[in-house]
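**Student:** Just passing along the structure, written as C-alpha cells.
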Amino acid sequence: MLLAAESALTSIDVAILVFYLVAVLALGIVFSRYVKSSGDFFLAGKSLPFWAIGMSVVVSDIGAIDMVAGAGSAYRYGLAQANFDWLGSVPAMIFVAFIFVPFYWRSGVSTLPEFLGKRYGPVVRFFQSIIWLGFLISMLAVMIWSSAVFLNEILNLNTYAGIWITVALVGFYTVLGGLTAVVLTDVIQMVIMFVGTAGLLFLTLNRIGGVDALVETVQARGPEFAEHFKLLLPSSTDSPYPWSGILFGLGIVLSTAYFSSNQAVIQRVLGARSEWHAKASLLFAAFLKLLVPVLVILPGLAALALYPELENPDGAVPRLVADVLPPGVMGLVFAAFAAALMSSVDSYLNSATTIIVSDAYRPLYRLHTGASPTDRSCLILGRVLTVLLIVAAGVIAPVIENFETIYSAMQTLFSLFQGPTLALLLLGIFSRRTNAVGAVVGLITGFLLALCLNVVGDSLFPSADPFLFVAFWAFVWSLVVTSVVSRFAKAPDPESIRGLVWGSIEHDPATQKLLRDRLK
Amino acid sequence: MKTFLENTLVPPLKAVLDPLHGMLDSVPEPLWRVSVCTYLVAGALWTLWLSRESIFRGAPLEGKICDLRIWVVLLLIPYLLIYAIF
C-alpha cells in the first residue's frame with residue numbers, strides 16, 4: 001500500500017518515527033506510577049480533564065485504515081463522505097453528552113451491557129457482551145495486522161516482527177498505565193496526526209494551486225464529478241450516501257448508537273474528573289471533528305485532481321505521500337499513521353478488557369461466592385487480560401490476511417445490531433413500562449429484520465449499499481416491537497429499575513438520594 | 001435465502017417503501033438543506049432549556065466559560081455554515 005514511499009524514506013524520517021515510538025513507550029512507564037486500583041486502571045481514577053478525553057475520543061475514532069479508506073471514498077464519491085464526521089457526529093455527541101452521559105455517570109455502570117443487563121436482565125446483557133467482545137477483538141486483530149503491513153512497507157520489517165513489535169509496544173503501555181496511559185498517549189498521537197496530515201494537505205494544495213484550483217480541476221474532469229463538492233446528494237443516487245440516508249440512517253440512528261454505546265467512548269467519558277468534564281469532553285470532541293474531514297477527505301479530493309486515473313482509490317493517500325512530501329515531513333506523516341493505528345489499538349484493548357471484567361468476571365464471581373471480587377483481583381485480572389488479549393490478537397492477526405471475509409462479516413453483523421440496540425437503550429431510559437420480554441423480542445427481531453434487509457436491500461432501497469436505510473428501519477422496527485410486546489408482558493418492578501429510568505432520576509426523591517449516596 | 005426473501009419479503013415492503021422513496025425523490029434540493037439544518041438546530045438547541053444546575057454540575061467554576069449551553073451554540077455555528085454553503 002505504501003510501498004511506493006519506501007524508496008523515498010530517509011534516515012531523518014526513520015529517526016522521527018523511532019523517536020515517536022520510544023516516546024510513547026516512555027510515557028507508559030511514567031503513567032504506571034499512578035495505577036493503584038482497578039478504578040485507576042479502567043477509569044483512570046476518574047481524574048481525566050475534558051480536553052484530554054475529547055482528543056482521545058476523536059483520535060480513537062480515526063484509525064489509519066480510515067485515513068486511507070476515507071480519502072479513497074472521497075476520491076470515489078466526493079465530499080459527501082465528510083457527513084460521517086459532521087452530521088454523523090455533532091447532534092449525536094450533543095445528545096449523548098446531555099442525555100446518556102449524566103445517566104451513565106449517575107447510574108454507576110461502566111459498560112453498556114452492564115446497563116442493559118441491570119435494566120432488562122442477563123439475556124440482553126449476554127447478547128450485548130458477546131457482540132461487543134467479538135467486534136472489539138476482531139478489530140484488534142485487523143489493526144495489528146494493518147500495523148505490521150505498515151511497518152513492513154516503510155521499514156522493510158518482517159511482517160511477523162511487525163506484529164510482535166506492535167503487540168509489545170501497545171501492550172506495554174496499556175498494561176502499565178491503563179486508561180490514563182491510553183488517553184494521554186492519545187493526546188500526543190492526536191497532535192502528531194493533525195500536524196502530519198495538515199502538512200500533507202498543505203503541500204498537496206500548494207502543488208495544485210490552492211482550493212479554487214482544486215475545485216476547478218476536479219469539476220473539469222467531466223459531468224460525473226459535478227457533485228463531488230456537494231455534501232448532500234439526491235435520494236436516488238449511485239453513491240451510498242443519499243441525503244435521506246445521511247439524515248435518517250446516519251444522523252439519527254447510526255451516529256447516536258455509535259456514540260452512546262461504543263465502549264471506547266463510554267469508558268473515556270466515565271474516566272472524567274466530574275460530570276461537567278464528562279459532558280464538556282464530547283462537546284470539545286465535536287469541535288475537533290470539524291477539522292477531521294479537512295485533513296482526511298480533502299487529500300482524497302486533491303489526489304483526484306492530481307491522479308485521475310487511479311485504479312484503486314484507496315491508493316490516493318499513499319500516492320500523495322510518495323509524490324509530494326519532502327524528507328522529514330514524510331517521517332512526520334508516517335508517525336501520524338502509526339499514531340492513528342496505535343491510538344485505535346490501545347482503545348479497543350482497554351475496552352475489551354473492561355467488558356470481560358465488568359460483564360463476565362464480576363457477575364460470575366458474585367454468582368458463585370455471593371460476594372464481590374476484591375479490587376486487587378480486578379486490577380490483576382485487568383492487566384493479565386490485557387496481555388492475553390493483545391497476544392491473542394497478535395496470534396490471530398496473520399489469519400486476517402487469508403480470512404478477510406471474517407472481518408467483513410463481523411463488521412456487518414455488528415452494524416445490524418446498532419439500530420435495535422439504540423431502540424432498547426432509548427426505551428430503557430425513557431420508558432418505565434418497557435420490560436425484559438419486550439427487549440429480547442425487539443432485539444432479536446430487529447436484528448433479523450436488519451439481516452433480511454441487508455440481503456435484499458438492493459431491491460428495496462434506491463441507493464447502492466443501503467446500510468443507512470437498513471439501520472434506520474431496524475431501529476424503527478425494534479422501537480415499535482419492544483414497546484408493543486412490553487405492553488403485553490408484566491411491567492418491571494419499580495424497585496428493580498430504580499435509578500435506571502430517566503423519570504425516577506429526575507423526579508423521585510428516593511432515587512435522587514440513592515444516586516447522591518452512590519456518587520459520594 | 002435471497003430468492004426466498006425476494007419472493008416473500010420484498011413485495012409487501014416494496015408496496016410500503018416505494019411511495020416513501022418517491023416522496024423523498026420529489027423533495028427539492030433546497031429542502032434537503034433546510035431539513036438537515038433544522039435537524040442540527042433542533043438536535044442542539046434543546047439543551048438551552050436544561051436547568052442551570054444540570055449544566056454546571058461538577059464544573060470548575062460557574063462562569064460563562066463553563067456554561068455548556070454557550071458551547072453548544074458556538075459549536076452549532078460552523079456546522080450550520082458548512083451545511084448552508086455546501
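In the C-alpha cells, the first chain shown is A, the next is B, and so on; residue numbers restart at 1 for each chain, and ligands run from 1 in the order shown.
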List the spatial neighbours of Ser26 in chain B as a list in words - criterion: any atom at most 12 Å away, only C-alpha atoms, same-chain residues fewer than 5 positions off excluded.
**Tutor:**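 Listing them by chain and then by number gives Pro234, Ser235, Ser236 and Ser244 of chain A; Pro19, Leu20, His21, Leu31 and Trp32 of chain B.
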**Student:** Need to verify the contact set: Tyr83 in chain B, 8 Å, only C-alpha atoms, exclusion of same-chain residues closer than 3 positions in sequence. Can you return it as a compact mmCIF listing (two decimals) with all heavy atoms, in the first residue's frame?
**Tutor:**
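Saved as part.txt:
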# COMPACT_ATOMS: atom_id res chain seq x y z
N LEU A 231 -22.20 18.20 -0.26
CA LEU A 231 -22.34 17.36 0.93
C LEU A 231 -23.60 16.50 0.84
O LEU A 231 -23.64 15.38 1.35
CB LEU A 231 -22.45 18.24 2.17
CG LEU A 231 -21.16 18.61 2.88
CD1 LEU A 231 -21.43 19.64 3.95
CD2 LEU A 231 -20.50 17.38 3.49
N ARG B 33 -31.40 20.70 2.33
CA ARG B 33 -30.54 21.55 3.15
C ARG B 33 -31.29 22.05 4.40
O ARG B 33 -30.77 22.01 5.51
CB ARG B 33 -30.11 22.75 2.30
CG ARG B 33 -28.72 23.22 2.52
CD ARG B 33 -28.34 24.24 1.48
NE ARG B 33 -28.03 23.65 0.19
CZ ARG B 33 -26.90 23.01 -0.09
NH1 ARG B 33 -25.98 22.88 0.84
NH2 ARG B 33 -26.68 22.51 -1.27
N VAL B 36 -31.75 19.20 6.93
CA VAL B 36 -30.53 18.88 7.67
C VAL B 36 -30.22 19.99 8.69
O VAL B 36 -29.90 19.71 9.85
CB VAL B 36 -29.34 18.67 6.70
CG1 VAL B 36 -28.03 18.64 7.45
CG2 VAL B 36 -29.52 17.37 5.94
N CYS B 37 -30.36 21.26 8.25
CA CYS B 37 -30.08 22.37 9.17
C CYS B 37 -31.08 22.38 10.33
O CYS B 37 -30.71 22.66 11.48
CB CYS B 37 -30.10 23.71 8.42
SG CYS B 37 -28.68 23.89 7.34
N TYR B 79 -21.01 24.45 11.89
CA TYR B 79 -21.68 23.33 11.20
C TYR B 79 -22.85 23.84 10.35
O TYR B 79 -23.07 23.37 9.23
CB TYR B 79 -22.16 22.29 12.21
CG TYR B 79 -21.03 21.42 12.71
CD1 TYR B 79 -20.42 21.64 13.94
CD2 TYR B 79 -20.53 20.38 11.94
CE1 TYR B 79 -19.37 20.86 14.40
CE2 TYR B 79 -19.48 19.59 12.37
CZ TYR B 79 -18.90 19.83 13.60
OH TYR B 79 -17.85 19.05 14.03
N LEU B 80 -23.59 24.82 10.88
CA LEU B 80 -24.70 25.38 10.10
C LEU B 80 -24.17 26.07 8.84
O LEU B 80 -24.74 25.93 7.76
CB LEU B 80 -25.49 26.38 10.95
CG LEU B 80 -26.57 25.79 11.85
CD1 LEU B 80 -27.22 26.88 12.67
CD2 LEU B 80 -27.61 25.03 11.05
N PHE B 86 -22.36 24.21 1.50
CA PHE B 86 -22.07 23.05 0.66
C PHE B 86 -23.28 22.13 0.45
O PHE B 86 -23.16 21.04 -0.02
CB PHE B 86 -20.91 22.24 1.26
CG PHE B 86 -19.62 23.01 1.29
CD1 PHE B 86 -19.16 23.57 2.48
CD2 PHE B 86 -18.87 23.18 0.15
CE1 PHE B 86 -17.97 24.29 2.52
CE2 PHE B 86 -17.68 23.89 0.18
CZ PHE B 86 -17.23 24.45 1.37
**Student:** Would you kindly report the residues of chain A within 7 Å of chain B, using only C-alpha atoms, as an MDAnalysis selection string?
**Tutor:** chainID A and resid 91 94 230:231 235:236 243 247 274:276 280 287 455:456 460
**Student:** Go ahead and write the residues just picked, all heavy atoms, as a short mmCIF file (atom, residue, chain, number, x, y, z; two decimals), in the first residue's frame.
**Tutor:**
data_model
loop_
_atom_site.label_atom_id
_atom_site.label_comp_id
_atom_site.auth_asym_id
_atom_site.auth_seq_id
_atom_site.Cartn_x
_atom_site.Cartn_y
_atom_site.Cartn_z
N PRO A 91 -24.92 16.23 16.22
CA PRO A 91 -26.14 16.08 17.03
C PRO A 91 -26.03 14.90 17.99
O PRO A 91 -26.44 14.99 19.15
CB PRO A 91 -27.25 15.84 15.99
CG PRO A 91 -26.68 16.33 14.70
CD PRO A 91 -25.21 16.12 14.78
N ILE A 94 -23.92 15.82 21.05
CA ILE A 94 -24.66 16.70 21.97
C ILE A 94 -25.69 15.88 22.74
O ILE A 94 -25.82 15.99 23.97
CB ILE A 94 -25.34 17.85 21.18
CG1 ILE A 94 -24.27 18.77 20.59
CG2 ILE A 94 -26.30 18.62 22.07
CD1 ILE A 94 -24.80 19.83 19.65
N LYS A 230 -20.38 18.44 -3.26
CA LYS A 230 -21.67 18.63 -2.57
C LYS A 230 -21.74 17.67 -1.40
O LYS A 230 -21.43 16.47 -1.52
CB LYS A 230 -22.81 18.34 -3.53
CG LYS A 230 -23.05 19.48 -4.51
CD LYS A 230 -24.33 19.22 -5.28
CE LYS A 230 -24.63 20.41 -6.17
NZ LYS A 230 -25.79 20.16 -7.03
N LEU A 231 -22.20 18.20 -0.26
CA LEU A 231 -22.34 17.36 0.93
C LEU A 231 -23.60 16.50 0.84
O LEU A 231 -23.64 15.38 1.35
CB LEU A 231 -22.45 18.24 2.17
CG LEU A 231 -21.16 18.61 2.88
CD1 LEU A 231 -21.43 19.64 3.95
CD2 LEU A 231 -20.50 17.38 3.49
N SER A 235 -31.74 11.66 -3.39
CA SER A 235 -32.19 10.45 -2.70
C SER A 235 -31.92 9.20 -3.53
O SER A 235 -31.60 8.14 -3.00
CB SER A 235 -33.67 10.57 -2.37
OG SER A 235 -33.97 9.81 -1.25
N SER A 236 -32.11 9.31 -4.85
CA SER A 236 -31.78 8.18 -5.73
C SER A 236 -30.42 8.46 -6.36
O SER A 236 -30.31 9.30 -7.25
CB SER A 236 -32.82 8.04 -6.83
OG SER A 236 -34.03 7.64 -6.28
N TRP A 243 -29.03 11.99 0.58
CA TRP A 243 -29.29 12.90 1.71
C TRP A 243 -30.26 12.27 2.72
O TRP A 243 -30.10 12.46 3.93
CB TRP A 243 -29.82 14.25 1.20
CG TRP A 243 -31.26 14.21 0.77
CD1 TRP A 243 -31.72 13.90 -0.47
CD2 TRP A 243 -32.41 14.45 1.59
NE1 TRP A 243 -33.09 13.94 -0.48
CE2 TRP A 243 -33.54 14.28 0.76
CE3 TRP A 243 -32.59 14.80 2.92
CZ2 TRP A 243 -34.85 14.44 1.24
CZ3 TRP A 243 -33.90 14.96 3.40
CH2 TRP A 243 -35.00 14.77 2.56
N LEU A 247 -29.43 11.71 6.59
CA LEU A 247 -30.18 12.35 7.67
C LEU A 247 -30.81 11.31 8.62
O LEU A 247 -30.59 11.36 9.83
CB LEU A 247 -31.27 13.25 7.07
CG LEU A 247 -32.20 13.95 8.06
CD1 LEU A 247 -31.42 14.84 9.02
CD2 LEU A 247 -33.24 14.80 7.32
N SER A 274 -15.23 14.97 36.62
CA SER A 274 -16.56 15.33 37.13
C SER A 274 -17.57 15.19 35.99
O SER A 274 -17.17 15.01 34.83
CB SER A 274 -16.58 16.77 37.65
OG SER A 274 -16.54 17.67 36.55
N GLU A 275 -18.86 15.29 36.36
CA GLU A 275 -19.89 15.16 35.32
C GLU A 275 -19.75 16.27 34.29
O GLU A 275 -19.98 16.05 33.10
CB GLU A 275 -21.27 15.20 35.99
CG GLU A 275 -22.38 14.81 35.05
CD GLU A 275 -23.74 14.80 35.72
OE1 GLU A 275 -23.85 14.27 36.85
OE2 GLU A 275 -24.70 15.32 35.12
N TRP A 276 -19.37 17.47 34.71
CA TRP A 276 -19.19 18.58 33.77
C TRP A 276 -18.09 18.25 32.77
O TRP A 276 -18.24 18.46 31.56
CB TRP A 276 -18.85 19.87 34.53
CG TRP A 276 -18.72 21.05 33.63
CD1 TRP A 276 -19.71 21.89 33.24
CD2 TRP A 276 -17.52 21.51 32.97
NE1 TRP A 276 -19.23 22.85 32.38
CE2 TRP A 276 -17.87 22.64 32.20
CE3 TRP A 276 -16.20 21.08 32.95
CZ2 TRP A 276 -16.96 23.35 31.44
CZ3 TRP A 276 -15.28 21.78 32.18
CH2 TRP A 276 -15.66 22.90 31.43
N ALA A 280 -18.47 18.07 28.81
CA ALA A 280 -17.65 19.01 28.03
C ALA A 280 -16.72 18.26 27.08
O ALA A 280 -16.42 18.75 25.98
CB ALA A 280 -16.84 19.90 28.98
N PHE A 287 -16.10 19.81 18.43
CA PHE A 287 -15.36 20.92 17.83
C PHE A 287 -14.20 20.38 16.97
O PHE A 287 -13.99 20.81 15.84
CB PHE A 287 -14.75 21.83 18.91
CG PHE A 287 -15.68 22.90 19.41
CD1 PHE A 287 -16.17 22.87 20.70
CD2 PHE A 287 -16.06 23.95 18.58
CE1 PHE A 287 -17.04 23.84 21.16
CE2 PHE A 287 -16.92 24.94 19.04
CZ PHE A 287 -17.41 24.89 20.33
N VAL A 455 -29.79 -8.44 3.04
CA VAL A 455 -29.70 -9.38 1.92
C VAL A 455 -30.42 -8.84 0.69
O VAL A 455 -29.92 -8.92 -0.43
CB VAL A 455 -30.29 -10.76 2.35
CG1 VAL A 455 -30.36 -11.71 1.16
CG2 VAL A 455 -29.45 -11.37 3.46
N VAL A 456 -31.63 -8.28 0.89
CA VAL A 456 -32.43 -7.85 -0.28
C VAL A 456 -32.48 -6.32 -0.42
O VAL A 456 -33.34 -5.80 -1.13
CB VAL A 456 -33.88 -8.41 -0.19
CG1 VAL A 456 -33.89 -9.90 -0.34
CG2 VAL A 456 -34.55 -7.97 1.11
N LEU A 460 -34.88 -3.07 -2.54
CA LEU A 460 -35.82 -2.25 -1.78
C LEU A 460 -35.47 -0.77 -1.71
O LEU A 460 -36.35 0.08 -1.59
CB LEU A 460 -35.91 -2.77 -0.33
CG LEU A 460 -36.72 -4.04 -0.10
CD1 LEU A 460 -36.52 -4.53 1.32
CD2 LEU A 460 -38.19 -3.78 -0.36
#
**Student:** What gap, in Å, lies between CA of Val182 in chain A and CA of Gly28 in chain A?
**Tutor:**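 Atom-to-atom, CA of Val182 in chain A and CA of Gly28 in chain A are spaced 8.4 Å apart.
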**Student:** Nearest to Phe135 in chain A among A:Ala436, A:Ser478, A:Ile396, A:Tyr348, with distances taken over only C-alpha atoms: which residue is it?
**Tutor:**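 Closest candidate: A:Tyr348.
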**Student:** Among chain B, which residues does DSSP mark as alpha helix (DSSP H) when it is run on the backbone? Keep the chain and numbering as in the structure and answer as a CSV table (one decimal) with N, CA and C atoms, in the first residue's frame.
**Tutor:**
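The file below, result19.csv, is the result:
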chain,number,residue,atom,x,y,z
B,2,LYS,N,-31.8,-15.7,-0.5
B,2,LYS,CA,-32.1,-14.4,-1.1
B,2,LYS,C,-33.4,-14.5,-2.0
B,3,THR,N,-33.5,-15.6,-2.7
B,3,THR,CA,-34.7,-15.8,-3.6
B,3,THR,C,-35.9,-15.9,-2.8
B,4,PHE,N,-35.8,-16.6,-1.6
B,4,PHE,CA,-37.0,-16.7,-0.7
B,4,PHE,C,-37.4,-15.4,-0.3
B,5,LEU,N,-36.5,-14.6,0.2
B,5,LEU,CA,-36.8,-13.2,0.7
B,5,LEU,C,-37.3,-12.3,-0.5
B,6,GLU,N,-36.7,-12.5,-1.6
B,6,GLU,CA,-37.2,-11.7,-2.8
B,6,GLU,C,-38.7,-11.9,-3.1
B,7,ASN,N,-39.1,-13.2,-2.9
B,7,ASN,CA,-40.4,-13.6,-3.2
B,7,ASN,C,-41.4,-13.3,-2.1
B,8,THR,N,-41.0,-13.3,-0.8
B,8,THR,CA,-41.9,-13.2,0.3
B,8,THR,C,-41.8,-11.8,0.9
B,10,VAL,N,-39.9,-8.9,0.0
B,10,VAL,CA,-39.7,-7.7,-0.9
B,10,VAL,C,-41.1,-7.1,-1.3
B,11,PRO,N,-42.0,-8.0,-1.9
B,11,PRO,CA,-43.3,-7.4,-2.4
B,11,PRO,C,-44.0,-6.5,-1.4
B,12,PRO,N,-44.3,-7.0,-0.2
B,12,PRO,CA,-45.1,-6.2,0.7
B,12,PRO,C,-44.3,-5.0,1.2
B,13,LEU,N,-43.0,-5.1,1.4
B,13,LEU,CA,-42.2,-4.0,1.8
B,13,LEU,C,-42.1,-2.9,0.7
B,14,LYS,N,-42.0,-3.4,-0.5
B,14,LYS,CA,-41.9,-2.5,-1.6
B,14,LYS,C,-43.1,-1.6,-1.7
B,15,ALA,N,-44.3,-2.3,-1.5
B,15,ALA,CA,-45.5,-1.5,-1.5
B,15,ALA,C,-45.6,-0.4,-0.5
B,16,VAL,N,-44.9,-0.6,0.6
B,16,VAL,CA,-44.8,0.5,1.6
B,16,VAL,C,-43.7,1.5,1.3
B,17,LEU,N,-42.5,0.9,1.0
B,17,LEU,CA,-41.4,1.8,0.8
B,17,LEU,C,-41.3,2.6,-0.4
B,18,ASP,N,-41.8,2.1,-1.5
B,18,ASP,CA,-41.7,2.8,-2.8
B,18,ASP,C,-42.4,4.2,-2.8
B,19,PRO,N,-43.6,4.3,-2.2
B,19,PRO,CA,-44.2,5.6,-2.2
B,19,PRO,C,-43.4,6.6,-1.3
B,20,LEU,N,-42.8,6.0,-0.2
B,20,LEU,CA,-41.9,6.9,0.6
B,20,LEU,C,-40.7,7.4,-0.1
B,21,HIS,N,-40.1,6.4,-0.9
B,21,HIS,CA,-38.9,6.8,-1.6
B,21,HIS,C,-39.3,7.8,-2.8
B,22,GLY,N,-40.5,7.6,-3.4
B,22,GLY,CA,-40.9,8.5,-4.4
B,22,GLY,C,-41.1,9.9,-3.8
B,23,MET,N,-41.6,10.0,-2.6
B,23,MET,CA,-41.8,11.2,-1.9
B,23,MET,C,-40.5,11.9,-1.7
B,24,LEU,N,-39.5,11.1,-1.2
B,24,LEU,CA,-38.2,11.7,-0.9
B,24,LEU,C,-37.5,12.2,-2.1
B,25,ASP,N,-37.7,11.4,-3.2
B,25,ASP,CA,-37.1,11.8,-4.5
B,25,ASP,C,-37.7,13.2,-5.0
B,26,SER,N,-38.9,13.4,-4.7
B,26,SER,CA,-39.6,14.6,-5.2
B,26,SER,C,-39.2,15.9,-4.3
B,29,GLU,N,-34.0,20.2,-3.9
B,29,GLU,CA,-32.7,20.3,-3.2
B,29,GLU,C,-32.7,21.3,-2.0
B,30,PRO,N,-33.2,22.5,-2.2
B,30,PRO,CA,-33.1,23.4,-1.0
B,30,PRO,C,-33.7,22.8,0.2
B,31,LEU,N,-34.8,22.0,0.0
B,31,LEU,CA,-35.4,21.4,1.2
B,31,LEU,C,-34.5,20.4,1.9
B,32,TRP,N,-33.6,19.7,1.2
B,32,TRP,CA,-32.7,18.8,1.8
B,32,TRP,C,-31.9,19.6,2.9
B,33,ARG,N,-31.4,20.7,2.3
B,33,ARG,CA,-30.5,21.6,3.2
B,33,ARG,C,-31.3,22.0,4.4
B,34,VAL,N,-32.5,22.5,4.2
B,34,VAL,CA,-33.4,23.0,5.3
B,34,VAL,C,-33.6,21.9,6.3
B,35,SER,N,-33.9,20.7,5.8
B,35,SER,CA,-34.1,19.5,6.7
B,35,SER,C,-32.9,19.2,7.6
B,36,VAL,N,-31.8,19.2,6.9
B,36,VAL,CA,-30.5,18.9,7.7
B,36,VAL,C,-30.2,20.0,8.7
B,37,CYS,N,-30.4,21.3,8.3
B,37,CYS,CA,-30.1,22.4,9.2
B,37,CYS,C,-31.1,22.4,10.3
B,38,THR,N,-32.3,22.1,10.0
B,38,THR,CA,-33.3,22.0,11.1
B,38,THR,C,-33.0,20.9,12.1
B,39,TYR,N,-32.5,19.8,11.6
B,39,TYR,CA,-32.1,18.7,12.5
B,39,TYR,C,-31.0,19.1,13.4
B,40,LEU,N,-30.0,19.8,12.7
B,40,LEU,CA,-28.8,20.3,13.5
B,40,LEU,C,-29.3,21.2,14.6
B,41,VAL,N,-30.1,22.2,14.2
B,41,VAL,CA,-30.6,23.2,15.2
B,41,VAL,C,-31.4,22.5,16.3
B,42,ALA,N,-32.4,21.7,15.9
B,42,ALA,CA,-33.2,21.0,16.9
B,42,ALA,C,-32.4,20.1,17.8
B,43,GLY,N,-31.4,19.4,17.1
B,43,GLY,CA,-30.6,18.5,17.9
B,43,GLY,C,-29.7,19.2,18.9
B,44,ALA,N,-29.6,20.5,18.8
B,44,ALA,CA,-28.6,21.2,19.7
B,44,ALA,C,-29.3,22.1,20.6
B,45,LEU,N,-30.3,22.9,20.1
B,45,LEU,CA,-30.8,24.0,20.9
B,45,LEU,C,-31.8,23.5,22.0
B,52,ARG,N,-29.9,25.1,35.0
B,52,ARG,CA,-28.6,25.6,35.3
B,52,ARG,C,-27.8,24.6,36.1
B,53,GLU,N,-28.6,24.0,37.0
B,53,GLU,CA,-27.9,23.0,37.9
B,53,GLU,C,-27.3,21.9,37.2
B,54,SER,N,-28.1,21.4,36.2
B,54,SER,CA,-27.6,20.2,35.4
B,54,SER,C,-26.4,20.6,34.5
B,55,ILE,N,-26.4,21.9,34.1
B,55,ILE,CA,-25.3,22.3,33.2
B,55,ILE,C,-24.0,22.5,34.0
B,56,PHE,N,-24.1,23.0,35.2
B,56,PHE,CA,-22.9,23.3,35.9
B,56,PHE,C,-22.5,22.2,36.9
B,68,LEU,N,-22.1,25.2,29.4
B,68,LEU,CA,-22.1,24.3,28.2
B,68,LEU,C,-23.1,24.7,27.2
B,69,ARG,N,-24.2,25.4,27.6
B,69,ARG,CA,-25.2,25.9,26.6
B,69,ARG,C,-24.5,26.9,25.6
B,70,ILE,N,-23.6,27.7,26.1
B,70,ILE,CA,-22.9,28.6,25.2
B,70,ILE,C,-22.0,27.8,24.2
B,71,TRP,N,-21.4,26.7,24.8
B,71,TRP,CA,-20.5,25.9,24.0
B,71,TRP,C,-21.3,25.3,22.8
B,72,VAL,N,-22.5,24.8,23.1
B,72,VAL,CA,-23.4,24.2,22.1
B,72,VAL,C,-23.7,25.2,21.0
B,73,VAL,N,-24.0,26.4,21.4
B,73,VAL,CA,-24.4,27.5,20.4
B,73,VAL,C,-23.1,27.7,19.5
B,74,LEU,N,-22.0,27.9,20.1
B,74,LEU,CA,-20.7,28.1,19.4
B,74,LEU,C,-20.4,27.0,18.4
B,75,LEU,N,-20.7,25.8,18.9
B,75,LEU,CA,-20.4,24.6,18.1
B,75,LEU,C,-21.3,24.5,16.9
B,76,LEU,N,-22.5,25.0,17.1
B,76,LEU,CA,-23.5,24.9,16.0
B,76,LEU,C,-23.2,25.8,14.8
B,77,ILE,N,-22.6,27.0,15.1
B,77,ILE,CA,-22.5,28.0,14.1
B,77,ILE,C,-21.6,27.5,12.9
B,78,PRO,N,-20.4,26.9,13.1
B,78,PRO,CA,-19.7,26.5,11.9
B,78,PRO,C,-20.3,25.3,11.2
B,79,TYR,N,-21.0,24.5,11.9
B,79,TYR,CA,-21.7,23.3,11.2
B,79,TYR,C,-22.8,23.8,10.4
B,80,LEU,N,-23.6,24.8,10.9
B,80,LEU,CA,-24.7,25.4,10.1
B,80,LEU,C,-24.2,26.1,8.8
B,81,LEU,N,-23.1,26.8,9.0
B,81,LEU,CA,-22.5,27.5,7.8
B,81,LEU,C,-22.0,26.4,6.8
B,82,ILE,N,-21.4,25.4,7.2
B,82,ILE,CA,-21.0,24.3,6.3
B,82,ILE,C,-22.2,23.8,5.5
B,83,TYR,N,-23.2,23.4,6.2
B,83,TYR,CA,-24.4,22.8,5.5
B,83,TYR,C,-25.2,23.8,4.7
B,84,ALA,N,-25.1,25.1,5.1
B,84,ALA,CA,-25.8,26.1,4.3
B,84,ALA,C,-25.0,26.4,3.0
B,85,ILE,N,-23.7,26.3,3.0
B,85,ILE,CA,-22.8,26.6,1.9
B,85,ILE,C,-22.7,25.4,0.9
**Student:** Of the residues A:Leu176, A:Leu443, A:Ala303, A:Val387, which is the one nearest to Phe42 in chain A, using only C-alpha atoms?
**Tutor:** A:Leu176
**Student:** With a distance cut-off of 9 Å and only C-alpha atoms, select the neighbouring residues of range 81-88 of chain A, excluding the residue or stretch itself and same-chain residues fewer than 5 positions from it, and output the selection as JSON, numbers by chain.
**Tutor:** {"A": [70, 71, 73, 74, 231, 232, 241, 246, 247, 250, 251, 252, 254, 255, 256, 286, 289, 290, 291, 292, 293, 294, 296, 297], "B": [36, 40, 79, 83]}
**Student:** Give the answer as one residue: which of A:Ile137, A:Leu25, A:Val124, A:Leu468 has the shortest atom-to-atom distance to Ile390 in chain A, using only C-alpha atoms?
**Tutor:** A:Ile137
**Student:** Near Leu151 in chain A, counting only C-alpha atoms, which residues have an atom at most 10 Å away, once you skip same-chain residues fewer than 2 positions from it, shown as a ChimeraX atom specification?
**Tutor:** /A:2,145-149,153-159,161-163,165-166,334,338
**Student:** If we count only C-alpha atoms and set the cut-off at 10 Å, which residues sit around Ile16 in chain A, ignoring sequence neighbours fewer than 2 positions away in its own chain? Please answer as a list in words.
**Tutor:**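 Result of the neighbour search: Ser11, Ile12, Asp13, Val14, Val18, Phe19, Tyr20, Leu21, Gly328, Val329, Met330, Gly331, Leu332, Val333, Phe334 and Ala335 of chain A.
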**Student:** Using only C-alpha atoms, determine which residues lie at most 12 Å from Val384 in chain A, disregarding the query and same-chain residues fewer than 4 positions distant; provide the list as a list in words.
**Tutor:**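 Counting only C-alpha atoms, the residues come to Gly171, Phe172, Thr174, Val175, Leu176, Gly178, Leu349, Asn350, Thr353, Thr354, Ile356, Val357, Ser377, Cys378, Leu379, Ile380, Leu388, Leu389, Ile390 and Val391 of chain A.
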**Student:** Pick the closest to Ser496 in chain A from A:Tyr120, A:Phe103, A:Ser483, A:Pro462: which is it, counting only C-alpha atoms?
**Tutor:**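 Among the listed residues, A:Tyr120 lies closest to Ser496 in chain A.
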**Student:** Contacts of Leu453 in chain A at 10 Å or less, counting only C-alpha atoms, minus same-chain residues fewer than 3 places along, as a list in words?
**Tutor:** Leu416, Phe447, Leu448, Leu449, Ala450, Val456, Gly457, Asp458, Ser459, Leu460, Phe461, Pro466, Phe467, Phe469, Val470, Ala471, Trp473 and Ala474 of chain A; Leu5, Leu9, Val10 and Leu13 of chain B
